[in-house]
>>> print(open('my_file-v2.cif').read())   # mmCIF, C-alpha atoms
data_structure
loop_
_atom_site.label_atom_id
_atom_site.label_comp_id
_atom_site.auth_asym_id
_atom_site.auth_seq_id
_atom_site.Cartn_x
_atom_site.Cartn_y
_atom_site.Cartn_z
CA MET A 1 1.70 13.52 -51.16
CA GLY A 2 4.36 11.15 -49.82
CA TRP A 3 4.28 12.47 -46.24
CA ASP A 4 4.70 10.32 -43.14
CA GLU A 5 1.40 10.17 -41.27
CA LYS A 6 3.10 11.20 -38.02
CA TYR A 7 3.21 14.73 -39.41
CA PHE A 8 -0.54 14.80 -40.02
CA THR A 9 -2.13 17.21 -37.60
CA SER A 10 -5.06 16.38 -35.36
CA ARG A 11 -8.67 17.27 -35.96
CA TRP A 12 -8.18 20.17 -33.59
CA ASN A 13 -6.28 21.99 -36.31
CA LEU A 14 -9.24 23.81 -37.80
CA GLU A 15 -7.44 24.86 -40.96
CA TRP A 16 -6.36 21.27 -41.70
CA THR A 17 -9.84 19.92 -40.95
CA ALA A 18 -11.49 22.49 -43.20
CA LEU A 19 -9.17 21.61 -46.07
CA VAL A 20 -9.49 17.80 -45.89
CA ASN A 21 -13.20 17.65 -45.11
CA GLN A 22 -14.34 19.06 -48.42
CA PRO A 23 -18.12 18.89 -49.03
CA ARG A 24 -17.48 18.58 -52.74
CA GLU A 25 -15.76 15.96 -54.83
CA LEU A 26 -11.98 16.38 -54.88
CA THR A 27 -11.27 17.54 -58.39
CA PRO A 28 -7.84 18.33 -59.89
CA ARG A 29 -8.72 22.01 -59.71
CA ILE A 30 -9.60 21.87 -56.00
CA TRP A 31 -6.53 19.72 -55.27
CA LYS A 32 -4.31 22.26 -57.00
CA ILE A 33 -5.69 24.91 -54.64
CA ILE A 34 -5.57 23.04 -51.33
CA ARG A 35 -2.37 21.02 -51.80
CA PRO A 36 0.04 23.95 -51.16
CA LYS A 37 -1.94 24.83 -48.05
CA LEU A 38 -1.83 21.26 -46.76
CA GLU A 39 1.89 21.00 -47.44
CA ALA A 40 2.51 24.25 -45.56
CA ILE A 41 0.70 22.79 -42.54
CA LEU A 42 2.69 19.55 -42.85
CA GLU A 43 5.97 21.48 -43.05
CA ALA A 44 5.07 23.35 -39.87
CA SER A 45 4.08 20.09 -38.19
CA LYS A 46 7.36 18.46 -39.23
CA ALA A 47 9.38 21.41 -37.91
CA ALA A 48 7.56 21.21 -34.57
CA GLU A 49 8.14 17.45 -34.39
CA LEU A 50 11.86 17.85 -35.09
CA LYS A 51 12.12 20.62 -32.51
CA MET A 52 10.54 18.40 -29.87
CA ALA A 53 12.93 15.59 -30.78
CA ARG A 54 15.92 17.93 -30.46
CA GLN A 55 14.72 19.14 -27.08
CA ALA A 56 14.24 15.58 -25.84
CA ARG A 57 17.70 14.64 -27.11
CA LEU A 58 19.22 17.71 -25.45
CA LEU A 59 17.63 16.82 -22.11
CA GLN A 60 19.05 13.31 -22.38
CA ARG A 61 22.52 14.58 -23.29
CA ARG A 62 22.46 17.11 -20.44
CA SER A 63 21.66 14.32 -18.00
CA GLU A 64 24.69 12.45 -19.37
CA LEU A 65 26.83 15.56 -18.89
CA ILE A 66 26.05 15.91 -15.15
CA PRO A 67 28.33 13.15 -13.76
CA ILE A 68 31.04 13.84 -16.35
CA TRP A 69 31.20 17.56 -15.60
CA SER A 70 31.10 16.94 -11.84
CA LYS A 71 34.06 14.57 -12.15
CA PHE A 72 35.93 17.00 -14.41
CA VAL A 73 35.52 19.97 -12.06
CA GLY A 74 35.99 17.86 -8.94
CA GLY A 75 39.39 16.74 -10.16
CA MET A 76 40.71 20.29 -10.22
CA PRO A 77 42.65 21.84 -7.32
CA ASP A 78 40.64 24.16 -5.06
CA THR A 79 41.92 27.37 -6.64
CA GLN A 80 40.53 30.44 -8.37
CA GLU A 81 40.30 28.57 -11.67
CA ARG A 82 38.04 25.95 -10.10
CA TRP A 83 35.87 28.57 -8.39
CA LEU A 84 35.32 30.23 -11.76
CA MET A 85 34.39 27.04 -13.59
CA PRO A 86 31.03 27.25 -15.39
CA ASN A 87 28.14 25.58 -13.61
CA LEU A 88 26.17 22.88 -15.39
CA VAL A 89 23.91 25.41 -17.10
CA ASP A 90 26.83 27.34 -18.57
CA ALA A 91 28.86 24.20 -19.24
CA GLY A 92 26.16 22.98 -21.60
CA SER A 93 26.45 26.24 -23.52
CA LEU A 94 30.21 26.06 -24.06
CA PRO A 95 30.62 25.74 -27.85
CA THR A 96 32.49 22.42 -27.84
CA ILE A 97 30.13 20.78 -25.36
CA ALA A 98 27.05 22.27 -27.04
CA ASP A 99 28.11 20.66 -30.31
CA MET A 100 28.47 17.27 -28.61
CA LEU A 101 25.10 17.62 -26.93
CA MET A 102 23.39 18.19 -30.26
CA GLU A 103 24.98 15.32 -32.16
CA ASP A 104 22.32 12.87 -33.34
CA ASP A 105 22.07 9.49 -31.61
CA THR A 106 25.53 9.78 -30.07
CA PRO A 107 25.55 9.46 -26.27
CA LEU A 108 27.92 11.72 -24.37
CA THR A 109 30.52 9.51 -22.71
CA GLU A 110 33.62 10.25 -20.65
CA GLU A 111 35.74 8.98 -23.52
CA ARG A 112 34.20 11.44 -25.99
CA PHE A 113 34.34 14.27 -23.46
CA PHE A 114 37.99 13.89 -22.48
CA ALA A 115 39.01 13.35 -26.09
CA ARG A 116 38.02 16.99 -26.64
CA VAL A 117 39.24 18.38 -23.33
CA ASP A 118 41.64 20.87 -24.94
CA PRO A 119 38.98 22.82 -26.88
CA ILE A 120 36.71 22.54 -23.83
CA LEU A 121 39.39 24.17 -21.66
CA SER A 122 39.77 26.87 -24.29
CA ASP A 123 36.02 27.53 -24.08
CA VAL A 124 36.26 27.60 -20.29
CA GLY A 125 39.06 30.17 -20.47
CA HIS A 126 36.91 32.40 -22.66
CA PHE A 127 34.00 32.02 -20.23
CA GLN A 128 36.17 32.93 -17.25
CA ARG A 129 37.52 36.03 -18.99
CA THR A 130 33.95 37.07 -19.74
CA VAL A 131 33.01 36.67 -16.07
CA LYS A 132 35.95 38.82 -14.99
CA ARG A 133 35.14 41.50 -17.54
CA ASP A 134 31.52 41.61 -16.37
CA LEU A 135 32.58 42.01 -12.74
CA VAL A 136 35.02 44.78 -13.57
CA LYS A 137 32.24 46.61 -15.40
CA LEU A 138 30.20 46.43 -12.20
CA LEU A 139 33.08 48.05 -10.33
CA THR A 140 34.02 50.74 -12.82
CA PRO A 141 31.46 53.13 -14.35
CA LYS A 142 31.87 53.65 -18.09
CA LYS A 143 32.48 57.35 -17.58
CA ASN A 144 35.50 56.61 -15.40
CA PRO A 145 37.36 53.52 -16.70
CA PRO A 146 40.60 52.52 -14.94
CA LYS A 147 43.83 53.64 -16.55
CA THR A 148 46.13 50.98 -17.90
CA THR A 149 49.70 51.06 -16.64
CA SER A 150 52.75 48.95 -17.38
CA ARG A 151 51.98 47.00 -14.18
CA THR A 152 48.52 46.05 -15.40
CA ALA A 153 49.10 45.73 -19.14
CA ASP A 154 49.31 41.93 -19.03
CA ASN A 155 45.92 41.73 -17.32
CA VAL A 156 43.93 43.90 -19.68
CA GLU A 157 41.07 42.45 -21.72
CA GLY A 158 40.26 44.99 -24.41
CA ASP A 159 39.52 48.19 -22.49
CA VAL A 160 39.01 46.41 -19.13
CA ASP A 161 41.75 46.26 -16.49
CA LEU A 162 41.25 42.94 -14.71
CA THR A 163 43.64 43.81 -11.87
CA VAL A 164 40.87 45.98 -10.38
CA LEU A 165 39.30 42.75 -9.13
CA ASP A 166 42.27 42.12 -6.86
CA ASN A 167 41.86 45.37 -4.94
CA ALA A 168 40.68 45.05 -1.35
CA SER A 169 37.99 47.65 -2.07
CA SER A 170 36.46 45.53 -4.85
CA LEU A 171 33.62 43.92 -2.95
CA PHE A 172 30.36 42.29 -3.98
CA TYR A 173 27.15 41.39 -2.21
CA CYS A 174 25.82 37.85 -2.28
CA PRO A 175 22.85 37.86 -4.69
CA THR A 176 20.57 35.96 -2.30
CA TRP A 177 18.15 38.48 -0.83
CA ASN A 178 18.30 37.21 2.76
CA CYS A 179 22.07 36.77 2.86
CA GLY A 180 23.80 40.00 1.93
CA GLN A 181 27.30 38.83 2.87
CA LEU A 182 30.29 40.69 1.47
CA PHE A 183 32.92 38.99 -0.63
CA GLY A 184 35.92 39.96 -2.65
CA PHE A 185 37.04 38.27 -5.84
CA PRO A 186 37.22 35.35 -6.37
CA ALA A 187 35.84 34.41 -2.94
CA ILE A 188 32.28 35.25 -3.98
CA PHE A 189 32.36 32.29 -6.37
CA ALA A 190 33.21 29.91 -3.53
CA HIS A 191 30.16 31.13 -1.58
CA SER A 192 27.46 28.46 -1.47
CA HIS A 193 24.70 30.77 -2.76
CA VAL A 194 26.71 31.54 -5.89
CA LYS A 195 28.47 28.22 -6.29
CA GLY A 196 25.19 26.34 -6.04
CA ALA A 197 23.15 28.67 -8.23
CA SER A 198 21.30 27.00 -11.09
CA LEU A 199 21.32 30.15 -13.21
CA ALA A 200 23.36 30.88 -16.29
CA TRP A 201 25.98 33.56 -15.77
CA ASP A 202 24.07 35.94 -18.06
CA ALA A 203 21.26 35.88 -15.49
CA LEU A 204 23.36 35.59 -12.33
CA LYS A 205 25.55 38.59 -13.17
CA HIS A 206 22.53 40.88 -12.92
CA LEU A 207 21.91 39.72 -9.34
CA ILE A 208 25.44 40.25 -8.02
CA LYS A 209 25.80 43.81 -6.79
CA HIS A 210 28.86 45.96 -6.30
CA ALA A 211 29.20 46.86 -2.62
CA GLY A 212 30.24 50.41 -3.40
CA GLU A 213 29.56 51.80 0.08
CA ALA A 214 31.64 49.03 1.64
CA GLY A 215 34.38 49.75 -0.87
CA SER A 216 34.48 53.36 0.30
CA ILE A 217 34.83 52.18 3.90
CA VAL A 218 37.66 49.87 2.84
CA LEU A 219 39.53 52.81 1.34
CA GLN A 220 39.12 54.74 4.60
CA VAL A 221 40.37 51.77 6.63
CA LEU A 222 43.32 51.24 4.30
CA LYS A 223 44.25 54.88 4.75
CA ILE A 224 44.09 54.49 8.54
CA PHE A 225 46.29 51.40 8.27
CA GLY A 226 48.73 53.31 6.08
CA LEU A 227 48.13 51.02 3.11
CA ALA A 228 47.78 51.93 -0.56
CA LYS A 229 44.25 52.12 -1.97
CA ASP A 230 45.08 49.42 -4.53
CA THR A 231 46.24 47.00 -1.82
CA HIS A 232 45.69 43.41 -2.91
CA SER A 233 42.81 41.75 -1.06
CA ALA A 234 44.86 38.62 -0.36
CA SER A 235 47.40 40.65 1.61
CA LEU A 236 44.70 41.57 4.13
CA ASN A 237 44.11 37.98 5.23
CA GLU A 238 46.78 38.41 7.89
CA LEU A 239 44.59 41.09 9.48
CA ASP A 240 41.74 38.67 10.14
CA GLY A 241 41.02 38.38 13.84
CA ARG A 242 43.15 41.46 14.56
CA CYS A 243 40.86 44.32 13.51
CA VAL A 244 39.23 46.37 16.25
CA CYS A 245 36.64 49.10 15.78
CA LEU A 246 37.49 52.17 17.87
CA CYS A 247 33.98 53.61 17.91
CA GLY A 248 33.62 52.60 21.56
CA HIS A 249 30.36 50.72 21.08
CA PRO A 250 30.41 47.65 23.35
CA LYS A 251 29.09 45.48 20.53
CA PHE A 252 32.28 45.94 18.52
CA ARG A 253 35.06 45.77 21.09
CA ALA A 254 36.15 42.23 20.23
CA PRO A 255 38.72 41.74 17.45
CA MET A 256 37.16 40.83 14.11
CA ASP A 257 38.07 39.89 10.56
CA PHE A 258 38.64 42.58 7.95
CA ILE A 259 35.47 42.02 5.88
CA PRO A 260 33.05 42.24 8.85
CA LEU A 261 34.84 45.41 9.91
CA VAL A 262 33.90 47.19 6.68
CA ARG A 263 30.27 46.08 6.38
CA PRO A 264 28.12 49.22 6.00
CA ASP A 265 25.33 47.76 8.15
CA LEU A 266 27.79 47.34 11.01
CA TYR A 267 27.32 51.00 11.81
CA SER A 268 23.52 51.16 11.61
CA PHE A 269 22.95 51.26 15.36
#
>>> encode(input="my_file-v2.cif", output="structure tokens")
Amino acid sequence: MGWDEKYFTSRWNLEWTALVNQPRELTPRIWKIIRPKLEAILEASKAAELKMARQARLLQRRSELIPIWSKFVGGMPDTQERWLMPNLVDAGSLPTIADMLMEDDTPLTEERFFARVDPILSDVGHFQRTVKRDLVKLLTPKKNPPKTTSRTADNVEGDVDLTVLDNASSLFYCPTWNCGQLFGFPAIFAHSHVKGASLAWDALKHLIKHAGEAGSIVLQVLKIFGLAKDTHSASLNELDGRCVCLCGHPKFRAPMDFIPLVRPDLYSF
């Protein structure tokens, strides 16, 4: 039939064995009947072989990506853009990199990578916008989307107002079950449990939870401080070490940072 023997299945394939181990002489009539069945098995075997080869090649290319991506991200300044960079799992799924990983018999080198850095950065930008949109959706129920104003128009992605992420009341819980720390945006992405996660964003985003109760406490505290409810989270850094709870409990008399002050579990005594 002209097939490479590597695509021949083993004797454990009962259908193949039954077809080739004919008790009768192989006549043209019998061959006409069994040949299409044998070729169908060979086609399936070839597809499986090619799939395994692609998977092996992808594993090799991903191992080549690790030092290159680490160098690429490590060379960026420690800013929001770096915190929001895709991890290795997501980096391998960026369209430009994914194409390079799947190219036949072509190792992924720094030279090839940096020759395509512009489209890679474009893919990264799209990924980061997706992350922001997903977080905003956690903060804003569909039935009550934020209104777009002239102040926020430049930061709107479709029907999602990205400026919501900057509000001091926009807080998230660390997804690690035994951590539970509170973070604003983008600080949560600098947290070791998120930064070091080996999950794709599509999986990780379902683990990050909106700290809605803490957000309500933030709004109360902002009101006490005489600050607007959409106060930018960065502007509250100057309050760190100067916040004092007036509940009178001896445990909370010492000055504290703003985020610990608004933790809901602080008041579970």
>>> closest_residue(input="my_file-v2.cif", among="A:Gln60, A:Asn87, A:Gln128, A:Thr231", to="A:Val73", atoms="all atoms listed in the file")
A:Asn87
>>> atom_distance(input="my_file-v2.cif", atom1="atom CA of A:Ala98", atom2="atom CA of A:Asp123")
10.8 Å
>>> resolve_selection(input="my_file-v2.cif", expression="the PyMOL selection byres ((chain A and resi 244) around 10)", output="list in words")
Gly241, Arg242, Cys243, Cys245, Leu246, Cys247, Gly248, Phe252, Arg253, Ala254, Pro255, Met256, Asp257, Phe258 and Leu261 of chain A
>>> closest_atom_pairs(input="my_file-v2.cif", of="stretch 191-242 of chain A", to="stretch 171-179 of chain A", cutoff="10 Å", atoms="all atoms listed in the file", output="JSON lines")
{"residue": "A:His191", "atom": "CA", "partner": "A:Cys174", "partner_atom": "CA", "distance": 8.0}
{"residue": "A:Ser192", "atom": "CA", "partner": "A:Cys174", "partner_atom": "CA", "distance": 9.6}
{"residue": "A:His193", "atom": "CA", "partner": "A:Thr176", "partner_atom": "CA", "distance": 6.6}
{"residue": "A:Val194", "atom": "CA", "partner": "A:Cys174", "partner_atom": "CA", "distance": 7.3}
{"residue": "A:Ala197", "atom": "CA", "partner": "A:Thr176", "partner_atom": "CA", "distance": 9.7}
{"residue": "A:Leu204", "atom": "CA", "partner": "A:Pro175", "partner_atom": "CA", "distance": 8.0}
{"residue": "A:Lys205", "atom": "CA", "partner": "A:Pro175", "partner_atom": "CA", "distance": 8.9}
{"residue": "A:His206", "atom": "CA", "partner": "A:Pro175", "partner_atom": "CA", "distance": 8.8}
{"residue": "A:Leu207", "atom": "CA", "partner": "A:Pro175", "partner_atom": "CA", "distance": 5.1}
{"residue": "A:Ile208", "atom": "CA", "partner": "A:Pro175", "partner_atom": "CA", "distance": 4.8}
{"residue": "A:Lys209", "atom": "CA", "partner": "A:Tyr173", "partner_atom": "CA", "distance": 5.4}
{"residue": "A:His210", "atom": "CA", "partner": "A:Phe172", "partner_atom": "CA", "distance": 4.6}
{"residue": "A:Ala211", "atom": "CA", "partner": "A:Phe172", "partner_atom": "CA", "distance": 4.9}
{"residue": "A:Gly212", "atom": "CA", "partner": "A:Leu171", "partner_atom": "CA", "distance": 7.3}
{"residue": "A:Glu213", "atom": "CA", "partner": "A:Leu171", "partner_atom": "CA", "distance": 9.4}
{"residue": "A:Ala214", "atom": "CA", "partner": "A:Leu171", "partner_atom": "CA", "distance": 7.1}
{"residue": "A:Gly215", "atom": "CA", "partner": "A:Leu171", "partner_atom": "CA", "distance": 6.2}
{"residue": "A:Val218", "atom": "CA", "partner": "A:Leu171", "partner_atom": "CA", "distance": 9.2}
{"residue": "A:Ser233", "atom": "CA", "partner": "A:Leu171", "partner_atom": "CA", "distance": 9.6}
>>> closest_residue(input="my_file-v2.cif", among="A:Ser63, A:Thr106, A:Ser45, A:Thr27", to="A:Asn13", atoms="all atoms listed in the file")
A:Ser45
>>> atom_distance(input="my_file-v2.cif", atom1="atom CA of A:Ala200", atom2="atom CA of A:Asp90")
5.5 Å
>>> closest_residue(input="my_file-v2.cif", among="A:Phe189, A:Phe183, A:Trp3, A:Phe114", to="A:Thr79", atoms="all atoms listed in the file")
A:Phe189
>>> closest_residue(input="my_file-v2.cif", among="A:Ile217, A:Glu64, A:Phe8, A:Lys51", to="A:Leu38", atoms="all atoms listed in the file")
A:Phe8
>>> atom_distance(input="my_file-v2.cif", atom1="atom CA of A:Leu42", atom2="atom CA of A:Glu15")
11.6 Å
>>> decode(input="my_file-v2.cif", residues="stretch 197-240 of chain A", atoms="N, CA and C atoms", output="PDB file, in the first residue's frame")
ATOM      1  N   ALA A 197       2.521  32.034  39.971  1.00  0.00           N
ATOM      2  CA  ALA A 197       1.544  31.002  39.607  1.00  0.00           C
ATOM      3  C   ALA A 197       1.895  30.383  38.257  1.00  0.00           C
ATOM      4  N   SER A 198       1.705  29.084  38.151  1.00  0.00           N
ATOM      5  CA  SER A 198       1.996  28.384  36.895  1.00  0.00           C
ATOM      6  C   SER A 198       0.709  28.068  36.142  1.00  0.00           C
ATOM      7  N   LEU A 199      -0.289  28.922  36.331  1.00  0.00           N
ATOM      8  CA  LEU A 199      -1.576  28.752  35.663  1.00  0.00           C
ATOM      9  C   LEU A 199      -1.738  29.788  34.562  1.00  0.00           C
ATOM     10  N   ALA A 200      -2.431  29.404  33.521  1.00  0.00           N
ATOM     11  CA  ALA A 200      -2.795  30.374  32.496  1.00  0.00           C
ATOM     12  C   ALA A 200      -3.799  31.356  33.092  1.00  0.00           C
ATOM     13  N   TRP A 201      -3.835  32.560  32.540  1.00  0.00           N
ATOM     14  CA  TRP A 201      -4.742  33.572  33.075  1.00  0.00           C
ATOM     15  C   TRP A 201      -6.195  33.106  33.037  1.00  0.00           C
ATOM     16  N   ASP A 202      -6.580  32.365  32.015  1.00  0.00           N
ATOM     17  CA  ASP A 202      -7.957  31.885  31.913  1.00  0.00           C
ATOM     18  C   ASP A 202      -8.351  31.030  33.112  1.00  0.00           C
ATOM     19  N   ALA A 203      -7.376  30.377  33.729  1.00  0.00           N
ATOM     20  CA  ALA A 203      -7.647  29.589  34.937  1.00  0.00           C
ATOM     21  C   ALA A 203      -7.471  30.440  36.190  1.00  0.00           C
ATOM     22  N   LEU A 204      -6.427  31.260  36.209  1.00  0.00           N
ATOM     23  CA  LEU A 204      -6.119  32.064  37.391  1.00  0.00           C
ATOM     24  C   LEU A 204      -7.214  33.086  37.691  1.00  0.00           C
ATOM     25  N   LYS A 205      -7.822  33.634  36.652  1.00  0.00           N
ATOM     26  CA  LYS A 205      -8.815  34.691  36.868  1.00  0.00           C
ATOM     27  C   LYS A 205     -10.033  34.189  37.639  1.00  0.00           C
ATOM     28  N   HIS A 206     -10.275  32.887  37.589  1.00  0.00           N
ATOM     29  CA  HIS A 206     -11.414  32.335  38.324  1.00  0.00           C
ATOM     30  C   HIS A 206     -11.088  32.121  39.804  1.00  0.00           C
ATOM     31  N   LEU A 207      -9.815  32.244  40.158  1.00  0.00           N
ATOM     32  CA  LEU A 207      -9.402  32.068  41.549  1.00  0.00           C
ATOM     33  C   LEU A 207      -9.305  33.398  42.287  1.00  0.00           C
ATOM     34  N   ILE A 208      -9.013  34.468  41.550  1.00  0.00           N
ATOM     35  CA  ILE A 208      -8.939  35.797  42.159  1.00  0.00           C
ATOM     36  C   ILE A 208     -10.346  36.286  42.469  1.00  0.00           C
ATOM     37  N   LYS A 209     -10.553  36.719  43.686  1.00  0.00           N
ATOM     38  CA  LYS A 209     -11.887  37.133  44.119  1.00  0.00           C
ATOM     39  C   LYS A 209     -11.922  38.626  44.439  1.00  0.00           C
ATOM     40  N   HIS A 210     -13.033  39.233  44.098  1.00  0.00           N
ATOM     41  CA  HIS A 210     -13.257  40.634  44.447  1.00  0.00           C
ATOM     42  C   HIS A 210     -13.543  40.727  45.941  1.00  0.00           C
ATOM     43  N   ALA A 211     -12.788  41.561  46.633  1.00  0.00           N
ATOM     44  CA  ALA A 211     -12.997  41.753  48.070  1.00  0.00           C
ATOM     45  C   ALA A 211     -14.070  42.816  48.270  1.00  0.00           C
ATOM     46  N   GLY A 212     -15.299  42.449  47.953  1.00  0.00           N
ATOM     47  CA  GLY A 212     -16.395  43.412  47.983  1.00  0.00           C
ATOM     48  C   GLY A 212     -16.652  43.997  49.356  1.00  0.00           C
ATOM     49  N   GLU A 213     -16.586  43.149  50.398  1.00  0.00           N
ATOM     50  CA  GLU A 213     -16.827  43.638  51.756  1.00  0.00           C
ATOM     51  C   GLU A 213     -15.761  44.645  52.161  1.00  0.00           C
ATOM     52  N   ALA A 214     -14.509  44.341  51.794  1.00  0.00           N
ATOM     53  CA  ALA A 214     -13.425  45.281  52.097  1.00  0.00           C
ATOM     54  C   ALA A 214     -13.618  46.580  51.333  1.00  0.00           C
ATOM     55  N   GLY A 215     -14.106  46.467  50.092  1.00  0.00           N
ATOM     56  CA  GLY A 215     -14.358  47.668  49.304  1.00  0.00           C
ATOM     57  C   GLY A 215     -15.381  48.571  49.960  1.00  0.00           C
ATOM     58  N   SER A 216     -16.388  47.959  50.577  1.00  0.00           N
ATOM     59  CA  SER A 216     -17.405  48.751  51.282  1.00  0.00           C
ATOM     60  C   SER A 216     -16.797  49.474  52.478  1.00  0.00           C
ATOM     61  N   ILE A 217     -15.887  48.785  53.174  1.00  0.00           N
ATOM     62  CA  ILE A 217     -15.211  49.412  54.317  1.00  0.00           C
ATOM     63  C   ILE A 217     -14.345  50.571  53.838  1.00  0.00           C
ATOM     64  N   VAL A 218     -13.683  50.378  52.696  1.00  0.00           N
ATOM     65  CA  VAL A 218     -12.857  51.448  52.130  1.00  0.00           C
ATOM     66  C   VAL A 218     -13.704  52.693  51.889  1.00  0.00           C
ATOM     67  N   LEU A 219     -14.879  52.505  51.315  1.00  0.00           N
ATOM     68  CA  LEU A 219     -15.748  53.653  51.031  1.00  0.00           C
ATOM     69  C   LEU A 219     -16.138  54.372  52.323  1.00  0.00           C
ATOM     70  N   GLN A 220     -16.377  53.604  53.388  1.00  0.00           N
ATOM     71  CA  GLN A 220     -16.702  54.224  54.672  1.00  0.00           C
ATOM     72  C   GLN A 220     -15.515  55.024  55.210  1.00  0.00           C
ATOM     73  N   VAL A 221     -14.320  54.429  55.090  1.00  0.00           N
ATOM     74  CA  VAL A 221     -13.116  55.100  55.588  1.00  0.00           C
ATOM     75  C   VAL A 221     -12.831  56.360  54.776  1.00  0.00           C
ATOM     76  N   LEU A 222     -13.000  56.261  53.458  1.00  0.00           N
ATOM     77  CA  LEU A 222     -12.781  57.438  52.614  1.00  0.00           C
ATOM     78  C   LEU A 222     -13.729  58.567  53.006  1.00  0.00           C
ATOM     79  N   LYS A 223     -14.957  58.198  53.323  1.00  0.00           N
ATOM     80  CA  LYS A 223     -15.935  59.209  53.737  1.00  0.00           C
ATOM     81  C   LYS A 223     -15.496  59.869  55.042  1.00  0.00           C
ATOM     82  N   ILE A 224     -14.993  59.049  55.971  1.00  0.00           N
ATOM     83  CA  ILE A 224     -14.508  59.589  57.247  1.00  0.00           C
ATOM     84  C   ILE A 224     -13.332  60.527  57.014  1.00  0.00           C
ATOM     85  N   PHE A 225     -12.468  60.152  56.066  1.00  0.00           N
ATOM     86  CA  PHE A 225     -11.298  60.975  55.757  1.00  0.00           C
ATOM     87  C   PHE A 225     -11.654  62.197  54.917  1.00  0.00           C
ATOM     88  N   GLY A 226     -12.902  62.267  54.471  1.00  0.00           N
ATOM     89  CA  GLY A 226     -13.314  63.384  53.630  1.00  0.00           C
ATOM     90  C   GLY A 226     -12.803  63.277  52.214  1.00  0.00           C
ATOM     91  N   LEU A 227     -12.611  62.041  51.741  1.00  0.00           N
ATOM     92  CA  LEU A 227     -12.099  61.818  50.392  1.00  0.00           C
ATOM     93  C   LEU A 227     -13.200  61.276  49.484  1.00  0.00           C
ATOM     94  N   ALA A 228     -13.076  61.544  48.201  1.00  0.00           N
ATOM     95  CA  ALA A 228     -14.068  61.077  47.229  1.00  0.00           C
ATOM     96  C   ALA A 228     -14.028  59.560  47.115  1.00  0.00           C
ATOM     97  N   LYS A 229     -15.172  58.960  46.774  1.00  0.00           N
ATOM     98  CA  LYS A 229     -15.243  57.500  46.704  1.00  0.00           C
ATOM     99  C   LYS A 229     -14.429  56.922  45.549  1.00  0.00           C
ATOM    100  N   ASP A 230     -14.112  57.763  44.549  1.00  0.00           N
ATOM    101  CA  ASP A 230     -13.282  57.280  43.445  1.00  0.00           C
ATOM    102  C   ASP A 230     -11.824  57.708  43.610  1.00  0.00           C
ATOM    103  N   THR A 231     -11.422  57.928  44.865  1.00  0.00           N
ATOM    104  CA  THR A 231     -10.035  58.300  45.151  1.00  0.00           C
ATOM    105  C   THR A 231      -9.085  57.239  44.604  1.00  0.00           C
ATOM    106  N   HIS A 232      -8.029  57.702  43.953  1.00  0.00           N
ATOM    107  CA  HIS A 232      -7.046  56.805  43.361  1.00  0.00           C
ATOM    108  C   HIS A 232      -6.287  56.074  44.468  1.00  0.00           C
ATOM    109  N   SER A 233      -6.107  54.776  44.296  1.00  0.00           N
ATOM    110  CA  SER A 233      -5.443  53.971  45.324  1.00  0.00           C
ATOM    111  C   SER A 233      -4.024  54.453  45.609  1.00  0.00           C
ATOM    112  N   ALA A 234      -3.321  54.925  44.577  1.00  0.00           N
ATOM    113  CA  ALA A 234      -1.937  55.365  44.767  1.00  0.00           C
ATOM    114  C   ALA A 234      -1.849  56.565  45.705  1.00  0.00           C
ATOM    115  N   SER A 235      -2.901  57.378  45.730  1.00  0.00           N
ATOM    116  CA  SER A 235      -2.865  58.575  46.575  1.00  0.00           C
ATOM    117  C   SER A 235      -2.982  58.247  48.056  1.00  0.00           C
ATOM    118  N   LEU A 236      -3.322  56.992  48.373  1.00  0.00           N
ATOM    119  CA  LEU A 236      -3.471  56.596  49.771  1.00  0.00           C
ATOM    120  C   LEU A 236      -2.172  56.055  50.362  1.00  0.00           C
ATOM    121  N   ASN A 237      -1.142  55.934  49.538  1.00  0.00           N
ATOM    122  CA  ASN A 237       0.131  55.417  50.047  1.00  0.00           C
ATOM    123  C   ASN A 237       0.690  56.293  51.158  1.00  0.00           C
ATOM    124  N   GLU A 238       0.405  57.594  51.074  1.00  0.00           N
ATOM    125  CA  GLU A 238       0.933  58.510  52.088  1.00  0.00           C
ATOM    126  C   GLU A 238       0.264  58.310  53.448  1.00  0.00           C
ATOM    127  N   LEU A 239      -0.840  57.539  53.460  1.00  0.00           N
ATOM    128  CA  LEU A 239      -1.516  57.265  54.729  1.00  0.00           C
ATOM    129  C   LEU A 239      -0.927  56.054  55.452  1.00  0.00           C
ATOM    130  N   ASP A 240      -0.092  55.286  54.759  1.00  0.00           N
ATOM    131  CA  ASP A 240       0.480  54.094  55.376  1.00  0.00           C
ATOM    132  C   ASP A 240       1.273  54.454  56.627  1.00  0.00           C
TER     133      ASP A 240
END
